[in-house]
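*Asks:* Encoded as structure tokens, here's the structure I'll be asking about.
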Amino acid sequence: MMKGWGLTTYAVLFIAFVYGPVLILPLFSFNDSTFATFPLAGFTTRHYVEMWGQGPMIGALVNSLKIGLGVTLLTTAIAIPAAISITRFRFPGKPAILSMLMLPLVVPSIVLAVALLVIILKFLNIPLSLWTVAAGHVLIALPFCTSVLMSRLEGFDRSLEEASRDLGSPPLQTFWRVTFPLALPGIISSLLLGFIISFDEFVIAFFLTGTDNTLPVYLYSQLRFPNRLPGALALGSLILVVSTVLVIVSEIIRKRGVQSDNPGDF
Amino acid sequence: MSEPLIHIEAVTKSFGSFTALHGIDIDIGRGEFFSLLGASGCGKTTLLRILAGIEEPTTGQLLIDGQDMRGVPPEKRPTNMVFQSYAIFPHLNVEENIGYGLRNLKLSRAETRERIGSAVELVKLGGMEKRNAHALSGGQRQRVALARALVMRPKVLLLDEPLSALDKKLREEMQLELRAMQRSLGITFVFVTHDQEEAMTLSDRIAMMSDGRILQLDTPKGLYERPANREVAEFIGTMNLIPAKAGAAKGNQVSLDAGALGKLEGRVATDVSTSGREVFLALRPERISVGADLGANARLKGKIAEAVYLGDRITYVVAVNGLAQPLRVVNANETGEILRIGAEVEIGWPDDSGLVLS
Ligand SMILES: Nc1ncnc2c1ncn2[C@@H]1O[C@H](COP(=O)(O)OP(=O)(O)OP(=O)(O)O)[C@@H](O)[C@H]1O
Ligand SMILES: [Mg+2]
């Protein structure tokens with residue numbers, strides 16, 4: 001019993017510690033004051049209305065959404081064949097290729113950002129823009145998306161694909177009729193993950209962007225102006241709600257996937 | 001045999017430095033129920049996968065219906081396979097699983113429906129067409145896997161231990177059904193199993209494999225009555241082995257010197273000379289008779305060490321002086337009499353029952 005109590009208290013404290021600060025965001029977004037301080041001044045939704053009037057912020061949001069979407073589509077499209085080859089085929093140099101693919105996971109993003117900046121400006125002579133930010137994001141999202149897909153592909157019986165071939169479906173058709181539907185939960189996770197990685201990435205975006213800002217970079221630059229804060233809080237709360245819903249949806253899809261995909265239950 | 005349907009010639013398969021198959025030669029006839037029998041890891045699945053086209057042989061040749069299969073991918077081969085794990089598509093229901101391959105045959109819709117319908121009926125899955133794959137029992141999965149391959153009307157059906165996941169009763173039921181199905185459809189079956197009784201029950205012929213080689217390729221009767229060597233003899237049923245030294249041969253009868261047990265005689269299956277070699281006299285338990293007084297038929301003397309009454313038959317373990325392994329004997333229960341443990345008995349067998357194995 002004692003142990004149970006201890007664990008419960010620990011869990012409650014843990015959750016409060018992790019999520020408490022996050023909940024400050026919606027709390028102050030409804031507070032009828034320009035300053036994010038206690039005591040609360042009263043309830044209002046005006047920040048949510050005014051937020052839409054902050055043109056540059058909305059512009060930055062749109063930039064972030066565009067980059068996030070493009071990055072995750074491209075990254076997942078690259079990661080799918082990579083994960084398939086790594087989990088399905090034997091080829092020379094596979095361990096080396098796999099570690100190269102996973103390397104961005106352990107290289108600090110500040111190092112990557114500086115290196116990319118040098119390459120882009122000095123060697124490639126490409127002007128900085130949202131395109132260069134997106135390219136950097138693809139690089140850091142790739143290992144995450146690939147591992148999500150790999151764990152999914154390793155999770156199902158290889159003989160399913162062999163059975164499909166045996167029943168007359170050539171490789172490409174086998175991919176669409178068996179591999180793709182079974183990997184779909186993984187593909188959805190990969191899409192969500194790629195999007196989230198790009199959406200809240202700061203360092204690379206800060207270094208590689210041109211005149212356009214992504215949302216994190218924009219918000220950081222606006223911290224000096226207190227009157228812009230409530231709008232940022234309102235937007236932050238909205239993003240919080242949307243991402244919570246997204247995570248819940250992806251968890252549901254993943255759970256379904258796990259259930260229907262344990263063909264064995266042997 | 002007329003023109004064989006499957007011709008396997010000098011097929012080898014290596015995985016890196018490991019050789020899973022060493023020079024396999026098999027011809028399988030049209031409409032035959034052919035089994036690959038052997039212990040785990042002997043290469044049965046590997047050979048079946050080569051037939052299906054999932055693996056390519058390292059060397060050697062494979063013809064199916066007169067056509068060289070080199071480079072022909074699985075989707076273009078006239079074979080279909082029931083996988084060891086069944087490989088039921090988890091995202092499809094029973095009907096979709098069974099109809100999976102039909103889409104590739106470009107049949108009319110009516111014909112597709114007709115074939116699925118009769119396959120469902122054949123494997124007795126009526127009423128479960130819409131059931132999800134993960135809501136099936138082991139036996140039902142096995143039936144789906146079978147139906148999914150059979151709807152394709154392959155020339156050759158490859159079955160990889162399809163019954164090993166089933167309990168004994170269901171397995172025996174399915175054995176009978178498989179055999180009946182094979183007869184009525186006239187499809188050639190290549191069946192993999194490590195269960196000798198299952199292979200004997202089902203097969204026209206059996207290739208007994210060990211460590212990537214074929215030890216003997218024969219009918220069930222041939223394997224049992226004329227095992228080629230000790231390994232086959234011990235894998236198929238029970239065999240008593242009496243060590244002896246081979247002497248002179250007269251026709252296919254060889255005289256044997258069994259040391260303390262005296263002079264014995266045995267039959268050689270092949271005309272390879274055994275003279276002077278260390279061999280075994282092999283005796284099946286049911287060919288040996290024991291009794292207090294066998295008269296002129298007595299060949300050895302022993303003592304009953306164990307007697308088990310099984311109703312229709314009685315099994316004895318008989319210790320023989322000078323023989324390390326006691327003899328195992330199975331006698332039909334003709335009189336209801338059972339010899340006591342400890343009784344001194346005489347042991348005999350008909351002239352042609354003793355087989356000389358090296
Ligand atoms: N892809 C592979 N790579 C390396 N070795 C393999 C591969 N496939 C099979 N083997 C080896 O080849 C040998 C034969 O395997 P196979 O699966 O054919 O055996 P089996 O007779 O079907 O056994 P079981 O009764 O256990 O299914 C085994 O030693 C196995 O480890
Ligand atoms: Mg096997």
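In the structure tokens, the first chain shown is A, the next is B, and so on; residue numbers restart at 1 for each chain, and ligands run from 1 in the order shown.
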If you count only C-alpha atoms and all ligand atoms, which residues end up within 10 Å of ligand 1, as a ChimeraX atom specification?

*Replies:* /B:13-21,36-50,55,84,160-161,164,192-195,209-212

*Asks:* Once you have the residues from the selection above, write them out as a compact mmCIF listing (two decimals), in the first residue's frame, restricted to N, CA and C atoms.

*Replies:*
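Result file follows (out-v1.txt):
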```
# COMPACT_ATOMS: atom_id res chain seq x y z
N LYS B 13 22.45 -25.04 -52.26
CA LYS B 13 22.13 -23.69 -51.79
C LYS B 13 23.08 -23.33 -50.66
N SER B 14 23.77 -22.23 -50.83
CA SER B 14 24.66 -21.75 -49.77
C SER B 14 24.19 -20.41 -49.28
N PHE B 15 24.27 -20.23 -47.95
CA PHE B 15 24.07 -18.90 -47.37
C PHE B 15 25.42 -18.48 -46.83
N GLY B 16 26.11 -17.63 -47.53
CA GLY B 16 27.47 -17.28 -47.13
C GLY B 16 28.33 -18.53 -47.15
N SER B 17 28.97 -18.82 -46.01
CA SER B 17 29.86 -19.99 -45.99
C SER B 17 29.09 -21.25 -45.62
N PHE B 18 27.82 -21.08 -45.22
CA PHE B 18 27.05 -22.25 -44.78
C PHE B 18 26.29 -22.86 -45.96
N THR B 19 26.43 -24.17 -46.12
CA THR B 19 25.73 -24.84 -47.22
C THR B 19 24.50 -25.55 -46.66
N ALA B 20 23.33 -25.06 -47.07
CA ALA B 20 22.07 -25.62 -46.55
C ALA B 20 21.62 -26.83 -47.36
N LEU B 21 21.95 -26.87 -48.66
CA LEU B 21 21.60 -28.02 -49.50
C LEU B 21 22.83 -28.45 -50.28
N LEU B 36 8.81 -34.11 -48.11
CA LEU B 36 10.19 -33.92 -47.68
C LEU B 36 10.17 -34.10 -46.17
N LEU B 37 10.91 -35.10 -45.71
CA LEU B 37 10.88 -35.45 -44.30
C LEU B 37 12.28 -35.29 -43.73
N GLY B 38 12.37 -34.73 -42.53
CA GLY B 38 13.68 -34.62 -41.91
C GLY B 38 13.62 -33.77 -40.66
N ALA B 39 14.66 -33.87 -39.86
CA ALA B 39 14.70 -33.14 -38.60
C ALA B 39 14.81 -31.64 -38.86
N SER B 40 14.59 -30.86 -37.82
CA SER B 40 14.64 -29.41 -37.93
C SER B 40 16.02 -28.95 -38.44
N GLY B 41 15.99 -28.03 -39.38
CA GLY B 41 17.25 -27.47 -39.88
C GLY B 41 17.90 -28.27 -40.99
N CYS B 42 17.22 -29.30 -41.51
CA CYS B 42 17.87 -30.14 -42.53
C CYS B 42 17.73 -29.54 -43.93
N GLY B 43 16.96 -28.47 -44.08
CA GLY B 43 16.89 -27.82 -45.38
C GLY B 43 15.58 -28.01 -46.12
N LYS B 44 14.55 -28.49 -45.45
CA LYS B 44 13.26 -28.73 -46.11
C LYS B 44 12.65 -27.43 -46.62
N THR B 45 12.56 -26.44 -45.71
CA THR B 45 11.98 -25.16 -46.11
C THR B 45 12.79 -24.52 -47.23
N THR B 46 14.10 -24.60 -47.12
CA THR B 46 14.96 -24.01 -48.15
C THR B 46 14.65 -24.61 -49.51
N LEU B 47 14.50 -25.92 -49.58
CA LEU B 47 14.21 -26.57 -50.86
C LEU B 47 12.83 -26.13 -51.39
N LEU B 48 11.88 -26.03 -50.48
CA LEU B 48 10.53 -25.62 -50.88
C LEU B 48 10.54 -24.18 -51.41
N ARG B 49 11.32 -23.33 -50.76
CA ARG B 49 11.41 -21.93 -51.20
C ARG B 49 12.10 -21.82 -52.55
N ILE B 50 13.00 -22.75 -52.83
CA ILE B 50 13.62 -22.77 -54.15
C ILE B 50 12.59 -23.17 -55.21
N GLU B 55 13.70 -18.31 -53.17
CA GLU B 55 15.16 -18.37 -53.16
C GLU B 55 15.61 -18.94 -54.50
N GLN B 84 4.82 -21.89 -43.58
CA GLN B 84 4.94 -22.49 -42.25
C GLN B 84 4.21 -21.64 -41.20
N ASP B 160 4.38 -26.15 -46.31
CA ASP B 160 5.48 -26.17 -45.35
C ASP B 160 4.96 -26.43 -43.94
N GLU B 161 5.04 -27.65 -43.51
CA GLU B 161 4.55 -28.07 -42.19
C GLU B 161 3.22 -27.42 -41.86
N SER B 164 1.63 -28.47 -38.35
CA SER B 164 2.39 -28.62 -37.11
C SER B 164 1.85 -27.74 -35.98
N VAL B 192 6.07 -30.62 -46.72
CA VAL B 192 7.21 -30.67 -45.80
C VAL B 192 6.73 -31.03 -44.41
N THR B 193 7.43 -31.95 -43.78
CA THR B 193 7.07 -32.29 -42.41
C THR B 193 8.28 -32.87 -41.70
N HIS B 194 8.29 -32.76 -40.35
CA HIS B 194 9.34 -33.46 -39.62
C HIS B 194 8.74 -34.64 -38.86
N ASP B 195 7.46 -34.91 -39.14
CA ASP B 195 6.73 -35.95 -38.43
C ASP B 195 6.65 -37.18 -39.33
N MET B 209 15.46 -36.44 -45.60
CA MET B 209 16.62 -35.55 -45.67
C MET B 209 17.34 -35.45 -44.34
N SER B 210 18.64 -35.18 -44.44
CA SER B 210 19.42 -34.88 -43.24
C SER B 210 20.58 -33.99 -43.64
N ASP B 211 20.78 -32.91 -42.92
CA ASP B 211 21.89 -31.98 -43.17
C ASP B 211 22.04 -31.60 -44.64
N GLY B 212 20.95 -31.29 -45.28
CA GLY B 212 21.02 -30.80 -46.66
C GLY B 212 21.26 -31.87 -47.70
```

*Asks:* Mind checking which residues fall within 10 Å of A:Pro26, counting only C-alpha atoms, ignoring those fewer than 5 positions away in the same chain, and posting them as number ranges by chain?

*Replies:* A: 31, 233-238, 240-241

*Asks:* Neighbouring residues of B:Lys221 were defined as those with any atom within 12 Å, considering only C-alpha atoms; residues of the same chain fewer than 2 positions away were excluded. Please report them as an MDAnalysis selection string.

*Replies:* chainID B and resid 199:201 203:206 217:219 223:227 236:237

*Asks:* Rank B:Ala110, B:Leu125, B:Ile288, B:Leu136 by their smallest atom-to-atom distance to chain A, using only C-alpha atoms, and report the top residue only.

*Replies:* B:Leu136

*Asks:* Could you tell me how far atom CA of B:Ile242 sits from atom CA of B:Leu300, in Å to one decimal place?

*Replies:*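 Distance between the two atoms: 11.6 Å.
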
*Asks:* Which of stretch 12-245 of chain B end up as alpha helix (DSSP H) when DSSP is run on this backbone - answer as a count of residues only?

*Replies:* 78

*Asks:* From the list B:Gly31, B:Gly138, B:Phe191, B:Ala324, which residue is nearest ligand 2 when using only C-alpha atoms and all ligand atoms?

*Replies:*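 The answer is B:Phe191, which sits nearest to ligand 2.
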
*Asks:* Considering only C-alpha atoms, return as a ChimeraX atom specification whatever protein or nucleic-acid residues lie within 9 Å of B:Arg103, sequence-local ones (same chain, fewer than 2 positions apart) excluded.

*Replies:* /A:168-169 /B:99-101,105-107,112

*Asks:* Save out the residues we just selected, N, CA, C and O atoms, as a short mmCIF file (atom, residue, chain, number, x, y, z; two decimals), in the first residue's frame.

*Replies:*
```
data_model
loop_
_atom_site.label_atom_id
_atom_site.label_comp_id
_atom_site.auth_asym_id
_atom_site.auth_seq_id
_atom_site.Cartn_x
_atom_site.Cartn_y
_atom_site.Cartn_z
N GLY A 168 1.18 -14.15 -57.05
CA GLY A 168 1.15 -13.54 -58.37
C GLY A 168 1.34 -12.04 -58.42
O GLY A 168 1.19 -11.46 -59.49
N SER A 169 1.63 -11.40 -57.27
CA SER A 169 1.81 -9.95 -57.31
C SER A 169 3.29 -9.60 -57.44
O SER A 169 4.07 -9.92 -56.56
N GLY B 99 -9.17 -14.50 -51.93
CA GLY B 99 -9.23 -13.98 -53.29
C GLY B 99 -8.00 -13.18 -53.70
O GLY B 99 -7.94 -12.70 -54.83
N TYR B 100 -7.02 -13.08 -52.79
CA TYR B 100 -5.88 -12.18 -53.03
C TYR B 100 -5.22 -12.38 -54.39
O TYR B 100 -4.99 -11.43 -55.12
N GLY B 101 -4.93 -13.63 -54.71
CA GLY B 101 -4.17 -13.88 -55.92
C GLY B 101 -5.01 -13.86 -57.19
O GLY B 101 -4.49 -13.72 -58.29
N LEU B 105 -5.06 -13.04 -61.95
CA LEU B 105 -5.37 -13.99 -63.02
C LEU B 105 -6.29 -13.36 -64.06
O LEU B 105 -6.58 -13.96 -65.08
N LYS B 106 -6.79 -12.14 -63.77
CA LYS B 106 -7.66 -11.42 -64.69
C LYS B 106 -8.88 -12.25 -65.09
O LYS B 106 -9.15 -12.46 -66.27
N LEU B 107 -9.57 -12.74 -64.08
CA LEU B 107 -10.78 -13.53 -64.34
C LEU B 107 -11.98 -12.60 -64.39
O LEU B 107 -11.91 -11.46 -63.93
N THR B 112 -14.42 -15.18 -60.49
CA THR B 112 -13.73 -14.92 -59.23
C THR B 112 -14.60 -15.32 -58.06
O THR B 112 -14.16 -16.03 -57.15
#
```

*Asks:* Rank nothing, just name the residue among B:Gly139, B:Gly342, B:Gly322, B:Gly259 nearest to chain A, using only C-alpha atoms.

*Replies:*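 Closest candidate: B:Gly139.
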
*Asks:* When distances are computed from only C-alpha atoms, which of A:Asn125, A:Ser85, A:Thr44, A:Gln173 shows the smallest separation from chain B?

*Replies:* A:Gln173

*Asks:* Counting only C-alpha atoms, what are the residues of chain B within 9 Å of chain A, and for each of them which pair of atoms is the nearest and at what distance in Å, to one decimal? Sort the table by chain and rising number, as a tab-separated table.

*Replies:*
```
residue	atom	partner	partner_atom	distance
B:Ala52	CA	A:Asp166	CA	7.0
B:Gly53	CA	A:Asp166	CA	8.1
B:Ile54	CA	A:Glu162	CA	6.9
B:Pro73	CA	A:Arg165	CA	8.1
B:Pro74	CA	A:Asp166	CA	5.0
B:Glu75	CA	A:Gly168	CA	3.8
B:Lys76	CA	A:Gly168	CA	6.6
B:Arg77	CA	A:Asp166	CA	8.0
B:Thr79	CA	A:Asp166	CA	7.6
B:Asn80	CA	A:Asp166	CA	6.0
B:Met81	CA	A:Asp166	CA	6.9
B:Val82	CA	A:Ala163	CA	8.3
B:Phe83	CA	A:Ser159	CA	7.5
B:Ser85	CA	A:Ser159	CA	7.8
B:Tyr86	CA	A:Ser159	CA	8.4
B:Ala87	CA	A:Leu160	CA	5.0
B:Ile88	CA	A:Pro263	CA	7.0
B:Phe89	CA	A:Leu160	CA	6.5
B:Pro90	CA	A:Pro263	CA	5.1
B:His91	CA	A:Ser260	CA	6.5
B:Tyr100	CA	A:Leu167	CA	7.2
B:Gly101	CA	A:Leu167	CA	4.6
B:Leu102	CA	A:Leu167	CA	8.1
B:Arg103	CA	A:Gly168	CA	8.7
B:Asn104	CA	A:Gly168	CA	5.9
B:Leu105	CA	A:Gly168	CA	8.0
B:Asn132	CA	A:Ser260	CA	8.8
B:Ala133	CA	A:Pro263	CA	7.1
B:His134	CA	A:Pro263	CA	5.6
B:Gly138	CA	A:Phe266	CA	7.9
B:Arg148	CA	A:Leu167	CA	8.3
B:Ala149	CA	A:Leu167	CA	7.3
B:Met152	CA	A:Leu167	CA	7.6
```

*Asks:* May I have the residues within 12 Å of A:Arg46 as a list in words, using only C-alpha atoms and disregarding those fewer than 3 positions away in the same chain?

*Replies:*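 Contacts, with the query itself left out: Phe28, Ser29, Phe30, Asn31, Asp32, Ser33, Thr34, Gly42, Phe43, Val49, Glu50, Met51, Trp52, Gly53, Pro230, Gly231, Leu233 and Ala234 of chain A.
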